[in-house]
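Some notes on the structure that comes next.
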Amino acid sequence: MTRPRGTTLPRLAAVAAALLVAAFATAVFAEEDAAAAAVRAILERALVEGADLRDLGAEIGMLGPPALPALFAALPDLADDFRHPEVYVLAVGAFGRLPATDLGAFLRAATGEGAPPTAVVQALRVLAATGDAGTLDLVQEIGARLGEAPLAVASQRGLVVAAYAGIVGRAEPAALPLTRVWGTLGEGWREALLDAVEQTGGPGAAEGLARIATAGGRGEPAALARIVRLPVLGPERTDRSLTNAVTGLFMDASPGTRIVAAQAAARLHLVLCFRGLVALLADAEPTVARAAHRALEEISGARLPSDPARWSEWFDREMLWVAEGMANDVLALRGPEESAVVEALGRLSYRRLCRSEFVAEVIRAADEGTPAVRRAALAALARLRAPEAIPTFLAALDAGEEERGAASAALAAISRLRAPSSPERWRALLGAPPARRPIAPSTGAK
């Protein structure tokens, strides 16, 4: 029988295409098998011989995306091997080093409908160690699914908080979709997100909580209450959205919310909230009026009675100095006469309200001035309580005993932390994290 003309070439093309697809699939599976064998070899070597985490991380990273399934499969065994918790961290951290890998897509597939609880636990640990702003939504999705199973929430909530905390701690606050995520979370998981952001500490925590505080167009008292507790806030915030959110809560029906708003205005040093705090001095609830008075004293550094008229007069005088006298005092810090510089530092030390306008010059004097200027500048920074001065005070902990004591007292005033017994402890609370250590070789004992 004769075949119709024109059918042979298409058939041959279809067969060739099928063979190419099969060859490609075989190559992919072979690549994945090779990557799995390489991953196992690297992890076994780490367990037996000991190795540096950074070297092993780079070695696993070179394997590329095919290593993902093997790494994910290896996590449960490594998690149970308490002799080497660093190796588990290494394996989890390798996810973040693999190039051209969509971590969120992989973990979303691994934790999809019907996934075993162990896969969810593994995914949350991976996210806690390596997740970024692009995986924040995935944590939200996992939390939403756990919210449908109350027993699971009780045991796995800590992992969700750790995943949120890891992501928030690593990502630039501006890159995190915190406002959008906050708007879609249930009340229980909102607390988990707040816990996580607060736990990260430092300026990043303040930034994240401030963004949550302005979600939905009004202040979120729960986020503001956590800001009040933070030991380190970073540079002062001048954005109108946060100021408006806080001042809006000055009119809230709940006295507790008005108190939190006053405390947040003081902790964030929101100068534009000053008039609103003065108005709160006349609040019908005495506890609110007292909170407003304490907030005014903290923002200004002044000590006045709880009299709205007195505080308004003080504020007007301060604004007059900003307009007519501040520039001369700041300019004096650059003068050649040591005594004139010391006197200018003394005057500026009592101008806490608008410290953000000149604190950089005071820090420069502390870092570069003569011993007398340095002492005066450190004293001024202690009175100003500017968070920007924390690195300067941490450096002063290595100076003589008198300067070290003054620096420790200033750090306690800025951070509201109890002064620890040693400079090393201060650095642990406010400074850089400790360096990584290499993995110790295995002894073979459980």
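By convention in this document, the chains of the structure tokens carry letters A, B, ... by their order, each chain's residues are numbered from 1, and ligands are numbered from 1 in the order they are shown.
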Mind checking which residues fall within 12 Å of A:Leu268, counting only C-alpha atoms, ignoring those fewer than 4 positions away in the same chain, and posting them as a count of residues only?
40
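Non-sequential neighbours of A:Ser422 (distance at most 12 Å, separation of 3 or more positions within a chain, only C-alpha atoms) are Leu394, Leu397, Asp398, Glu401, Arg404, Gly405, Ala407, Ser408, Arg418, Ala419, Arg425, Trp426, Arg427, Ala428 and Leu429 of chain A.
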Got time to write the residues from that selection, N, CA and C atoms, as a compact mmCIF listing (two decimals), in the first residue's frame?
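Full text of part_20.txt as output:
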```
# COMPACT_ATOMS: atom_id res chain seq x y z
N LEU A 394 29.84 52.37 72.05
CA LEU A 394 30.43 51.03 72.07
C LEU A 394 31.95 51.10 71.92
N LEU A 397 33.79 52.03 75.14
CA LEU A 397 33.91 51.01 76.18
C LEU A 397 35.34 50.50 76.32
N ASP A 398 36.18 50.74 75.30
CA ASP A 398 37.58 50.29 75.35
C ASP A 398 38.51 51.36 75.90
N GLU A 401 38.71 53.87 82.50
CA GLU A 401 37.61 53.43 83.36
C GLU A 401 36.50 54.48 83.45
N ARG A 404 34.66 54.64 80.16
CA ARG A 404 33.91 53.40 79.98
C ARG A 404 32.63 53.41 80.81
N GLY A 405 32.72 53.90 82.05
CA GLY A 405 31.52 53.96 82.89
C GLY A 405 30.48 54.91 82.33
N ALA A 407 30.13 55.74 79.16
CA ALA A 407 29.57 55.13 77.95
C ALA A 407 28.53 54.07 78.29
N SER A 408 28.83 53.28 79.30
CA SER A 408 27.87 52.24 79.70
C SER A 408 26.57 52.86 80.21
N ARG A 418 19.33 47.16 81.23
CA ARG A 418 20.14 47.22 82.45
C ARG A 418 21.62 47.08 82.06
N ALA A 419 22.46 47.95 82.58
CA ALA A 419 23.87 47.93 82.19
C ALA A 419 24.51 46.61 82.58
N ARG A 425 29.59 42.05 77.01
CA ARG A 425 28.16 41.81 77.12
C ARG A 425 27.38 42.91 76.41
N TRP A 426 27.85 44.16 76.51
CA TRP A 426 27.19 45.25 75.79
C TRP A 426 27.22 44.98 74.29
N ARG A 427 28.37 44.56 73.80
CA ARG A 427 28.48 44.29 72.37
C ARG A 427 27.58 43.14 71.95
N ALA A 428 27.43 42.16 72.82
CA ALA A 428 26.52 41.05 72.50
C ALA A 428 25.08 41.54 72.41
N LEU A 429 24.72 42.52 73.22
CA LEU A 429 23.35 43.04 73.22
C LEU A 429 23.10 44.00 72.07
```
Considering only alpha helix (DSSP H) as DSSP defines it on the backbone, what residues of stretch 204-277 of chain A qualify? List them as a ChimeraX atom specification.
/A:204-213,221-229,240-249,255-267,274-277
Could you dump the residues just selected with N, CA and C atoms as a CSV table (one decimal), in the first residue's frame?
```
chain,number,residue,atom,x,y,z
A,204,GLY,N,16.2,47.2,62.1
A,204,GLY,CA,15.3,46.5,61.2
A,204,GLY,C,14.0,46.2,61.8
A,205,ALA,N,14.0,45.8,63.1
A,205,ALA,CA,12.8,45.5,63.8
A,205,ALA,C,11.9,46.8,63.9
A,206,ALA,N,12.6,47.9,64.2
A,206,ALA,CA,11.8,49.2,64.4
A,206,ALA,C,11.2,49.6,63.1
A,207,GLU,N,11.9,49.4,62.0
A,207,GLU,CA,11.4,49.7,60.6
A,207,GLU,C,10.2,48.8,60.3
A,208,GLY,N,10.3,47.5,60.5
A,208,GLY,CA,9.2,46.6,60.2
A,208,GLY,C,8.0,46.9,61.1
A,209,LEU,N,8.2,47.1,62.4
A,209,LEU,CA,7.0,47.4,63.2
A,209,LEU,C,6.4,48.7,62.9
A,210,ALA,N,7.2,49.7,62.5
A,210,ALA,CA,6.7,51.0,62.1
A,210,ALA,C,5.8,50.9,60.9
A,211,ARG,N,6.2,50.0,59.9
A,211,ARG,CA,5.4,49.8,58.7
A,211,ARG,C,4.1,49.1,59.0
A,212,ILE,N,4.2,48.1,59.9
A,212,ILE,CA,2.9,47.5,60.3
A,212,ILE,C,2.0,48.4,61.1
A,213,ALA,N,2.6,49.3,61.9
A,213,ALA,CA,1.9,50.3,62.7
A,213,ALA,C,1.0,51.2,61.8
A,221,PRO,N,-2.1,49.6,67.5
A,221,PRO,CA,-1.6,49.7,68.9
A,221,PRO,C,-0.6,48.5,69.2
A,222,ALA,N,-0.9,47.3,68.7
A,222,ALA,CA,-0.1,46.2,69.0
A,222,ALA,C,1.3,46.3,68.5
A,223,ALA,N,1.5,46.9,67.3
A,223,ALA,CA,2.8,47.1,66.8
A,223,ALA,C,3.5,48.3,67.5
A,224,LEU,N,2.8,49.3,67.8
A,224,LEU,CA,3.4,50.4,68.6
A,224,LEU,C,3.8,50.0,70.0
A,225,ALA,N,3.1,49.1,70.6
A,225,ALA,CA,3.5,48.6,71.9
A,225,ALA,C,4.8,47.9,71.9
A,226,ARG,N,5.0,47.2,70.8
A,226,ARG,CA,6.3,46.4,70.7
A,226,ARG,C,7.5,47.4,70.3
A,227,ILE,N,7.2,48.4,69.6
A,227,ILE,CA,8.2,49.4,69.3
A,227,ILE,C,8.7,50.0,70.7
A,228,VAL,N,7.8,50.3,71.6
A,228,VAL,CA,8.1,50.9,72.9
A,228,VAL,C,9.1,50.0,73.6
A,229,ARG,N,9.1,48.6,73.4
A,229,ARG,CA,9.9,47.7,74.1
A,229,ARG,C,11.3,47.5,73.5
A,240,ARG,N,5.6,61.3,57.7
A,240,ARG,CA,4.3,61.8,58.1
A,240,ARG,C,3.3,60.6,58.4
A,241,SER,N,3.5,59.5,57.7
A,241,SER,CA,2.5,58.4,57.9
A,241,SER,C,2.6,57.9,59.3
A,242,LEU,N,3.7,57.7,59.9
A,242,LEU,CA,3.9,57.2,61.2
A,242,LEU,C,3.4,58.3,62.2
A,243,THR,N,3.8,59.5,62.0
A,243,THR,CA,3.3,60.6,62.9
A,243,THR,C,1.8,60.7,62.9
A,244,ASN,N,1.2,60.6,61.7
A,244,ASN,CA,-0.3,60.7,61.6
A,244,ASN,C,-0.9,59.5,62.3
A,245,ALA,N,-0.3,58.3,62.2
A,245,ALA,CA,-0.9,57.1,62.8
A,245,ALA,C,-0.9,57.2,64.3
A,246,VAL,N,0.2,57.7,64.8
A,246,VAL,CA,0.3,57.9,66.3
A,246,VAL,C,-0.6,59.0,66.8
A,247,THR,N,-0.6,60.1,66.2
A,247,THR,CA,-1.5,61.2,66.7
A,247,THR,C,-3.0,60.9,66.5
A,248,GLY,N,-3.3,60.1,65.5
A,248,GLY,CA,-4.7,59.6,65.4
A,248,GLY,C,-5.1,58.8,66.6
A,249,LEU,N,-4.2,58.0,67.2
A,249,LEU,CA,-4.6,57.2,68.3
A,249,LEU,C,-4.7,58.0,69.6
A,255,PRO,N,-8.4,54.3,76.8
A,255,PRO,CA,-7.3,54.9,77.5
A,255,PRO,C,-6.0,54.2,77.3
A,256,GLY,N,-6.0,52.8,77.3
A,256,GLY,CA,-4.8,52.0,77.1
A,256,GLY,C,-4.2,52.3,75.8
A,257,THR,N,-5.0,52.5,74.7
A,257,THR,CA,-4.4,52.8,73.4
A,257,THR,C,-3.8,54.2,73.4
A,258,ARG,N,-4.5,55.2,74.1
A,258,ARG,CA,-3.9,56.5,74.1
A,258,ARG,C,-2.5,56.5,74.9
A,259,ILE,N,-2.4,55.7,75.9
A,259,ILE,CA,-1.2,55.6,76.6
A,259,ILE,C,-0.1,55.0,75.7
A,260,VAL,N,-0.4,53.9,75.0
A,260,VAL,CA,0.6,53.3,74.1
A,260,VAL,C,1.0,54.3,73.0
A,261,ALA,N,0.1,55.1,72.5
A,261,ALA,CA,0.4,56.1,71.5
A,261,ALA,C,1.4,57.1,72.1
A,262,ALA,N,1.1,57.6,73.3
A,262,ALA,CA,2.1,58.5,73.9
A,262,ALA,C,3.4,57.9,74.1
A,263,GLN,N,3.5,56.7,74.6
A,263,GLN,CA,4.8,56.0,74.8
A,263,GLN,C,5.5,55.8,73.5
A,264,ALA,N,4.8,55.5,72.4
A,264,ALA,CA,5.4,55.3,71.1
A,264,ALA,C,5.9,56.6,70.6
A,265,ALA,N,5.2,57.7,70.8
A,265,ALA,CA,5.7,59.0,70.3
A,265,ALA,C,7.0,59.4,71.0
A,266,ALA,N,7.1,59.0,72.2
A,266,ALA,CA,8.4,59.3,73.0
A,266,ALA,C,9.5,58.4,72.5
A,267,ARG,N,9.2,57.1,72.4
A,267,ARG,CA,10.3,56.2,72.0
A,267,ARG,C,10.8,56.4,70.6
A,274,PHE,N,4.5,66.5,69.2
A,274,PHE,CA,4.6,67.3,70.5
A,274,PHE,C,3.3,68.0,70.9
A,275,ARG,N,2.7,68.7,69.9
A,275,ARG,CA,1.5,69.5,70.3
A,275,ARG,C,0.4,68.5,70.7
A,276,GLY,N,0.3,67.4,70.1
A,276,GLY,CA,-0.7,66.4,70.5
A,276,GLY,C,-0.5,65.9,71.9
A,277,LEU,N,0.8,65.7,72.3
A,277,LEU,CA,1.1,65.2,73.6
A,277,LEU,C,0.7,66.3,74.6
```
Atom CA of A:Val139 to atom CA of A:Ala115, straight-line distance in Å:
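For atom CA of A:Ala115 relative to atom CA of A:Val139, the distance reads 15.0 Å.
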I'd like the interatomic distance between atom CA of A:Ala192 and atom CA of A:Ala105, to a tenth of an Å.
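Spanning atom CA of A:Ala192 to atom CA of A:Ala105 is a straight-line distance of 23.2 Å.
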Could you name the residues that touch A:Leu127 at 10 Å or less, counting only C-alpha atoms, but leaving out those on the same chain fewer than 5 positions away, as a list in words?
Val92, Gly93, Phe95, Gly96, Leu103, Gly104, Leu107, Val121, Gln122, Asp132, Thr135, Leu136, Leu138, Val139, Leu159, Val160, Ala162, Ala163, Tyr164, Ala165, Gly166 and Ile167 of chain A
Would you put the residues from that selection into a file with C-alpha atoms, as a tab-separated table (two decimals), in the first residue's frame?
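To be explicit, this is the file written out as selection18.tsv:
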```tsv
chain	number	residue	atom	x	y	z
A	92	VAL	CA	19.67	24.20	55.20
A	93	GLY	CA	21.82	27.24	54.43
A	95	PHE	CA	19.45	26.40	49.76
A	96	GLY	CA	20.21	30.09	49.92
A	103	LEU	CA	13.33	28.63	46.54
A	104	GLY	CA	9.71	29.66	47.05
A	107	LEU	CA	9.15	24.71	48.89
A	121	VAL	CA	8.58	21.31	59.38
A	122	GLN	CA	11.56	21.00	57.04
A	132	ASP	CA	14.04	36.21	51.76
A	135	THR	CA	9.24	33.84	50.43
A	136	LEU	CA	7.34	35.83	53.06
A	138	LEU	CA	4.89	31.26	51.51
A	139	VAL	CA	5.22	31.45	55.31
A	159	LEU	CA	8.57	27.36	63.59
A	160	VAL	CA	6.35	29.86	61.78
A	162	ALA	CA	11.19	31.54	63.45
A	163	ALA	CA	10.61	31.59	59.68
A	164	TYR	CA	9.13	35.09	59.83
A	165	ALA	CA	12.00	36.22	62.07
A	166	GLY	CA	14.65	34.77	59.79
A	167	ILE	CA	13.22	36.45	56.72
```
Spatial neighbours of stretch 374-382 of chain A, max dist 10 Å, only C-alpha atoms, sep filter under 2 positions, as a PyMOL selection string
chain A and resi 333+341-352+355+359+361-372+384-390+392-393+396+403+406-414
With C-alpha atoms retained, could you export that selection as a JSON list (two decimals), in the first residue's frame?
```json
[["chain", "number", "residue", "atom", "x", "y", "z"],
["A", 333, "LEU", "CA", 31.80, 73.00, 66.77],
["A", 341, "VAL", "CA", 33.81, 74.05, 71.12],
["A", 342, "VAL", "CA", 33.30, 72.64, 74.64],
["A", 343, "GLU", "CA", 30.88, 75.48, 75.49],
["A", 344, "ALA", "CA", 28.89, 74.90, 72.28],
["A", 345, "LEU", "CA", 28.65, 71.19, 73.07],
["A", 346, "GLY", "CA", 27.30, 72.09, 76.51],
["A", 347, "ARG", "CA", 24.59, 74.29, 74.98],
["A", 348, "LEU", "CA", 23.62, 71.70, 72.38],
["A", 349, "SER", "CA", 23.39, 68.95, 74.97],
["A", 350, "TYR", "CA", 20.20, 70.56, 76.31],
["A", 351, "ARG", "CA", 18.50, 70.70, 72.90],
["A", 352, "ARG", "CA", 17.26, 67.12, 72.74],
["A", 355, "ARG", "CA", 18.80, 66.63, 68.05],
["A", 359, "VAL", "CA", 23.78, 65.06, 66.24],
["A", 361, "GLU", "CA", 28.34, 67.04, 64.22],
["A", 362, "VAL", "CA", 28.43, 66.08, 67.90],
["A", 363, "ILE", "CA", 29.40, 62.51, 66.97],
["A", 364, "ARG", "CA", 32.17, 63.88, 64.74],
["A", 365, "ALA", "CA", 33.48, 65.91, 67.69],
["A", 366, "ALA", "CA", 33.50, 62.79, 69.86],
["A", 367, "ASP", "CA", 35.37, 60.81, 67.21],
["A", 368, "GLU", "CA", 37.89, 63.45, 66.10],
["A", 369, "GLY", "CA", 38.21, 66.06, 68.85],
["A", 370, "THR", "CA", 40.85, 66.65, 71.50],
["A", 371, "PRO", "CA", 40.48, 64.74, 74.80],
["A", 372, "ALA", "CA", 38.59, 67.66, 76.37],
["A", 384, "LEU", "CA", 20.72, 63.82, 73.87],
["A", 385, "ARG", "CA", 20.17, 60.01, 73.95],
["A", 386, "ALA", "CA", 20.42, 59.73, 70.18],
["A", 387, "PRO", "CA", 20.43, 56.13, 68.87],
["A", 388, "GLU", "CA", 22.90, 57.24, 66.18],
["A", 389, "ALA", "CA", 25.52, 57.56, 68.95],
["A", 390, "ILE", "CA", 25.43, 53.86, 69.93],
["A", 392, "THR", "CA", 30.45, 55.80, 69.39],
["A", 393, "PHE", "CA", 29.60, 54.65, 72.91],
["A", 396, "ALA", "CA", 34.28, 54.20, 74.14],
["A", 403, "GLU", "CA", 34.97, 57.04, 80.03],
["A", 406, "ALA", "CA", 30.01, 57.03, 81.23],
["A", 407, "ALA", "CA", 29.57, 55.13, 77.95],
["A", 408, "SER", "CA", 27.87, 52.24, 79.70],
["A", 409, "ALA", "CA", 25.47, 54.61, 81.48],
["A", 410, "ALA", "CA", 24.67, 56.35, 78.18],
["A", 411, "LEU", "CA", 23.99, 53.03, 76.44],
["A", 412, "ALA", "CA", 21.66, 52.05, 79.26],
["A", 413, "ALA", "CA", 19.76, 55.33, 78.92],
["A", 414, "ILE", "CA", 19.43, 55.01, 75.12]]
```
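One distance worth recording is that between atom CA of A:Glu337 and atom CA of A:Val373, which is 10.3 Å.
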